[in-house]
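K.L.:
One structure coming up, written as structure tokens, with questions to follow.
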Amino acid sequence: MTHDPRPTARLSADPAGIAAAAGLLRGGRLVAFPTETVYGLGADAGSAEAVAGIYAAKGRPRFNPLIAHVADLDAAREQGDFGPDALALARAFWPGPLTLVVPVGPRCTVSDLARAGLDSVALRVPAHPVARALIAAASVPVAAPSANRSGRISPTAAGHVLDDLEGRIDAVLDGGPTEVGVESTIVSCLGAPILLRPGGVTREAIEAVLGRRLADAAAGGATVAPGMLASHYAPRAAVRLDALALRAGEAGLDFGGIFVGQGGPVLDLSRRRDLAEAAANLFGHLRGLDGQLAGRGSIAVAPIPAEGLGEALRDRLARAAAER
Ligand code: TXA
Ligand code: MG
């Protein structure tokens, strides 16, 4: 896919910057903006032309649908049909890092292209104040995937967005580093709820609201988020998981200080083994180590427990390590 090179404006996340960004979105342009999870690459979800720009800028396959970001549950119910499970989850976790896939509603304005032709729609109400102000000012659903080139590491700072997309998008709203650091949890509510992607809301929290266990996309077989390709979040370096010691030439992505004193460049996700801190650091540290290795060697990752936010961390790291 081709694209026109264009200057990318860096807007500050103040009222003037947000108003300028909203004007760009309303004009069909591409604007990256902070959410509490990662930076999103936004466009007017109702405009197939604007949405086509997202796929082109990212180099994203068009069979992979986008999340539509809306202001609140009422706005979400304009777009999709919420059954009792979806309603309970929306009420418990919105605004926040949860995306719900629901059947498309009769008044849905999210374009076919943003939904990749599916008869469902992925909806999210982000909590980040800049994202909320932008969506309110744009007053349209905002389609936004993570603001990285397809297959690369998701951006948790405006600088990461520019590293990948400078000259390919119209603007980035700089709201500083993101707080959660991994993407939203995606739950499909087309039938019995299915966890399509672990993320910023833990499985345990969702199961507590539903009052029952969540089925897994992998175990269920049939329904998978089309974007959950095995190789993803890929640094240039190879990635080795559950490492207990560094090998020669490896950089270490540590958790809890197990690589201390082993030599080699090491970044610790959380010295005190705090999974929220580790999630916030994950993508930035992967980028940092990848930069230090400059395309040579590999990254060894210390073991991370699988409970709570650890499930999302391990999911992203497994994709970073996948064959490509
Ligand atoms: O935290 C996040 O979710 C970030 C911020 C920007 O909101 N967004 C994000 O978008 O991670 P993206 O495009 O990188 O991931 C969205 C995932 C993809 O795997 C896509 O396949 C899935 O959502 N998805 C979207 N619509 C779907 C649908 N109707 N059915 C199943 N999966 C869907
Ligand atoms: Mg992504």
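Please note that chains go A, B, ... in the order of the structure tokens, that every chain numbers its residues from 1, and that ligands are numbered from 1 in the order shown.
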Applying 7 Å and only C-alpha atoms, which residues near A:Val121 remain after dropping the ones on its own chain fewer than 3 positions away? List them as JSON, numbers by chain.

P.N.:
{"A": [80, 101, 102, 103, 104, 115]}

K.L.:
Find the residues around A:Ala158 up to 7 Å (only C-alpha atoms counted), leave out those fewer than 3 positions away in its own chain, and share them as a PDB file with N, CA, C and O atoms, in the first residue's frame.

P.N.:
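To be explicit, this is the file written out as selection18.pdb:
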```pdb
ATOM      1  N   VAL A 161       5.529   6.387  18.991  1.00  0.00           N
ATOM      2  CA  VAL A 161       4.629   6.546  17.844  1.00  0.00           C
ATOM      3  C   VAL A 161       5.411   7.153  16.684  1.00  0.00           C
ATOM      4  O   VAL A 161       5.346   6.673  15.534  1.00  0.00           O
ATOM      5  N   LEU A 162       6.170   8.203  16.982  1.00  0.00           N
ATOM      6  CA  LEU A 162       6.925   8.886  15.920  1.00  0.00           C
ATOM      7  C   LEU A 162       8.000   7.970  15.334  1.00  0.00           C
ATOM      8  O   LEU A 162       8.249   7.987  14.130  1.00  0.00           O
ATOM      9  N   VAL A 172       0.366  13.597  16.402  1.00  0.00           N
ATOM     10  CA  VAL A 172       0.325  12.798  17.627  1.00  0.00           C
ATOM     11  C   VAL A 172       0.090  13.766  18.778  1.00  0.00           C
ATOM     12  O   VAL A 172       0.715  14.814  18.864  1.00  0.00           O
ATOM     13  N   ASP A 174       0.613  14.393  22.485  1.00  0.00           N
ATOM     14  CA  ASP A 174       1.571  13.879  23.470  1.00  0.00           C
ATOM     15  C   ASP A 174       1.007  14.004  24.878  1.00  0.00           C
ATOM     16  O   ASP A 174       0.967  15.096  25.437  1.00  0.00           O
ATOM     17  N   GLY A 176       2.275  12.104  27.410  1.00  0.00           N
ATOM     18  CA  GLY A 176       3.234  11.451  28.306  1.00  0.00           C
ATOM     19  C   GLY A 176       3.113   9.939  28.244  1.00  0.00           C
ATOM     20  O   GLY A 176       2.367   9.395  27.422  1.00  0.00           O
TER      21      GLY A 176
END
```

K.L.:
Excluding same-chain residues fewer than 6 positions from A:Arg247, what lies within 12 Å of it counting only C-alpha atoms, as a PDB file with all heavy atoms, in the first residue's frame?

P.N.:
```
ATOM      1  N   ARG A 240      13.948 -14.981  24.070  1.00  0.00           N
ATOM      2  CA  ARG A 240      13.962 -16.301  24.738  1.00  0.00           C
ATOM      3  C   ARG A 240      13.239 -16.157  26.076  1.00  0.00           C
ATOM      4  O   ARG A 240      13.621 -15.334  26.905  1.00  0.00           O
ATOM      5  CB  ARG A 240      15.415 -16.730  24.951  1.00  0.00           C
ATOM      6  CG  ARG A 240      15.587 -18.123  25.520  1.00  0.00           C
ATOM      7  CD  ARG A 240      17.036 -18.582  25.392  1.00  0.00           C
ATOM      8  NE  ARG A 240      17.948 -17.879  26.291  1.00  0.00           N
ATOM      9  CZ  ARG A 240      18.194 -18.259  27.552  1.00  0.00           C
ATOM     10  NH1 ARG A 240      17.584 -19.316  28.068  1.00  0.00           N
ATOM     11  NH2 ARG A 240      19.030 -17.579  28.311  1.00  0.00           N
ATOM     12  N   PHE A 259      18.641 -11.522  37.218  1.00  0.00           N
ATOM     13  CA  PHE A 259      19.836 -11.432  36.369  1.00  0.00           C
ATOM     14  C   PHE A 259      20.926 -10.540  36.982  1.00  0.00           C
ATOM     15  O   PHE A 259      21.928 -10.273  36.342  1.00  0.00           O
ATOM     16  CB  PHE A 259      19.483 -10.875  34.980  1.00  0.00           C
ATOM     17  CG  PHE A 259      18.540 -11.738  34.167  1.00  0.00           C
ATOM     18  CD1 PHE A 259      17.620 -11.142  33.308  1.00  0.00           C
ATOM     19  CD2 PHE A 259      18.581 -13.121  34.239  1.00  0.00           C
ATOM     20  CE1 PHE A 259      16.752 -11.918  32.542  1.00  0.00           C
ATOM     21  CE2 PHE A 259      17.714 -13.910  33.474  1.00  0.00           C
ATOM     22  CZ  PHE A 259      16.804 -13.307  32.627  1.00  0.00           C
ATOM     23  N   GLN A 262      24.984 -10.698  36.437  1.00  0.00           N
ATOM     24  CA  GLN A 262      25.305 -11.638  35.353  1.00  0.00           C
ATOM     25  C   GLN A 262      25.922 -10.951  34.141  1.00  0.00           C
ATOM     26  O   GLN A 262      26.194 -11.613  33.139  1.00  0.00           O
ATOM     27  CB  GLN A 262      24.049 -12.404  34.928  1.00  0.00           C
ATOM     28  CG  GLN A 262      23.514 -13.305  36.032  1.00  0.00           C
ATOM     29  CD  GLN A 262      22.492 -14.301  35.523  1.00  0.00           C
ATOM     30  OE1 GLN A 262      22.417 -14.586  34.336  1.00  0.00           O
ATOM     31  NE2 GLN A 262      21.698 -14.838  36.432  1.00  0.00           N
ATOM     32  N   GLY A 263      26.106  -9.616  34.181  1.00  0.00           N
ATOM     33  CA  GLY A 263      26.684  -8.912  33.030  1.00  0.00           C
ATOM     34  C   GLY A 263      25.662  -8.768  31.920  1.00  0.00           C
ATOM     35  O   GLY A 263      24.568  -9.318  31.997  1.00  0.00           O
ATOM     36  N   GLY A 264      26.056  -8.034  30.866  1.00  0.00           N
ATOM     37  CA  GLY A 264      25.107  -7.806  29.761  1.00  0.00           C
ATOM     38  C   GLY A 264      24.123  -6.714  30.137  1.00  0.00           C
ATOM     39  O   GLY A 264      23.860  -6.498  31.315  1.00  0.00           O
ATOM     40  N   PRO A 265      23.568  -6.045  29.120  1.00  0.00           N
ATOM     41  CA  PRO A 265      22.576  -5.015  29.431  1.00  0.00           C
ATOM     42  C   PRO A 265      21.308  -5.651  29.978  1.00  0.00           C
ATOM     43  O   PRO A 265      20.828  -6.643  29.440  1.00  0.00           O
ATOM     44  CB  PRO A 265      22.318  -4.343  28.071  1.00  0.00           C
ATOM     45  CG  PRO A 265      22.804  -5.292  27.034  1.00  0.00           C
ATOM     46  CD  PRO A 265      23.800  -6.216  27.677  1.00  0.00           C
ATOM     47  N   GLY A 297      22.125 -10.365  18.448  1.00  0.00           N
ATOM     48  CA  GLY A 297      21.887 -11.038  19.719  1.00  0.00           C
ATOM     49  C   GLY A 297      20.420 -11.252  20.021  1.00  0.00           C
ATOM     50  O   GLY A 297      19.556 -11.097  19.155  1.00  0.00           O
ATOM     51  N   SER A 298      20.139 -11.600  21.269  1.00  0.00           N
ATOM     52  CA  SER A 298      18.755 -11.849  21.618  1.00  0.00           C
ATOM     53  C   SER A 298      18.456 -11.344  23.023  1.00  0.00           C
ATOM     54  O   SER A 298      19.364 -11.000  23.788  1.00  0.00           O
ATOM     55  CB  SER A 298      18.415 -13.331  21.464  1.00  0.00           C
ATOM     56  OG  SER A 298      19.295 -14.109  22.231  1.00  0.00           O
ATOM     57  N   ILE A 299      17.172 -11.318  23.325  1.00  0.00           N
ATOM     58  CA  ILE A 299      16.694 -10.833  24.615  1.00  0.00           C
ATOM     59  C   ILE A 299      16.205 -12.031  25.426  1.00  0.00           C
ATOM     60  O   ILE A 299      15.333 -12.783  24.980  1.00  0.00           O
ATOM     61  CB  ILE A 299      15.540  -9.828  24.419  1.00  0.00           C
ATOM     62  CG1 ILE A 299      16.020  -8.602  23.626  1.00  0.00           C
ATOM     63  CG2 ILE A 299      14.961  -9.414  25.779  1.00  0.00           C
ATOM     64  CD1 ILE A 299      14.908  -7.652  23.200  1.00  0.00           C
ATOM     65  N   ALA A 300      16.798 -12.243  26.609  1.00  0.00           N
ATOM     66  CA  ALA A 300      16.347 -13.293  27.515  1.00  0.00           C
ATOM     67  C   ALA A 300      15.364 -12.679  28.500  1.00  0.00           C
ATOM     68  O   ALA A 300      15.623 -11.613  29.054  1.00  0.00           O
ATOM     69  CB  ALA A 300      17.540 -13.888  28.261  1.00  0.00           C
ATOM     70  N   VAL A 301      14.227 -13.350  28.700  1.00  0.00           N
ATOM     71  CA  VAL A 301      13.180 -12.816  29.578  1.00  0.00           C
ATOM     72  C   VAL A 301      13.053 -13.694  30.817  1.00  0.00           C
ATOM     73  O   VAL A 301      12.893 -14.915  30.708  1.00  0.00           O
ATOM     74  CB  VAL A 301      11.828 -12.769  28.847  1.00  0.00           C
ATOM     75  CG1 VAL A 301      10.769 -12.123  29.725  1.00  0.00           C
ATOM     76  CG2 VAL A 301      11.941 -12.032  27.517  1.00  0.00           C
TER      77      VAL A 301
END
```

K.L.:
Would you please give, as a ChimeraX atom specification, all residues of stretch 250-290 of chain A that DSSP assigns to helix (DSSP H, G or I) based on the backbone?

P.N.:
/A:275-290

K.L.:
Taking only C-alpha atoms and all ligand atoms into account, which residues are within 9 Å of ligand 2, as a list in words?

P.N.:
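Answer in the requested format: Val38, Gly40, Pro145, Ser146, Ala147, Asn148, Arg149, Ser150, Gly151, Arg152, Ile153, Ser154, Glu183, Gly227, His232 and Tyr233 of chain A.
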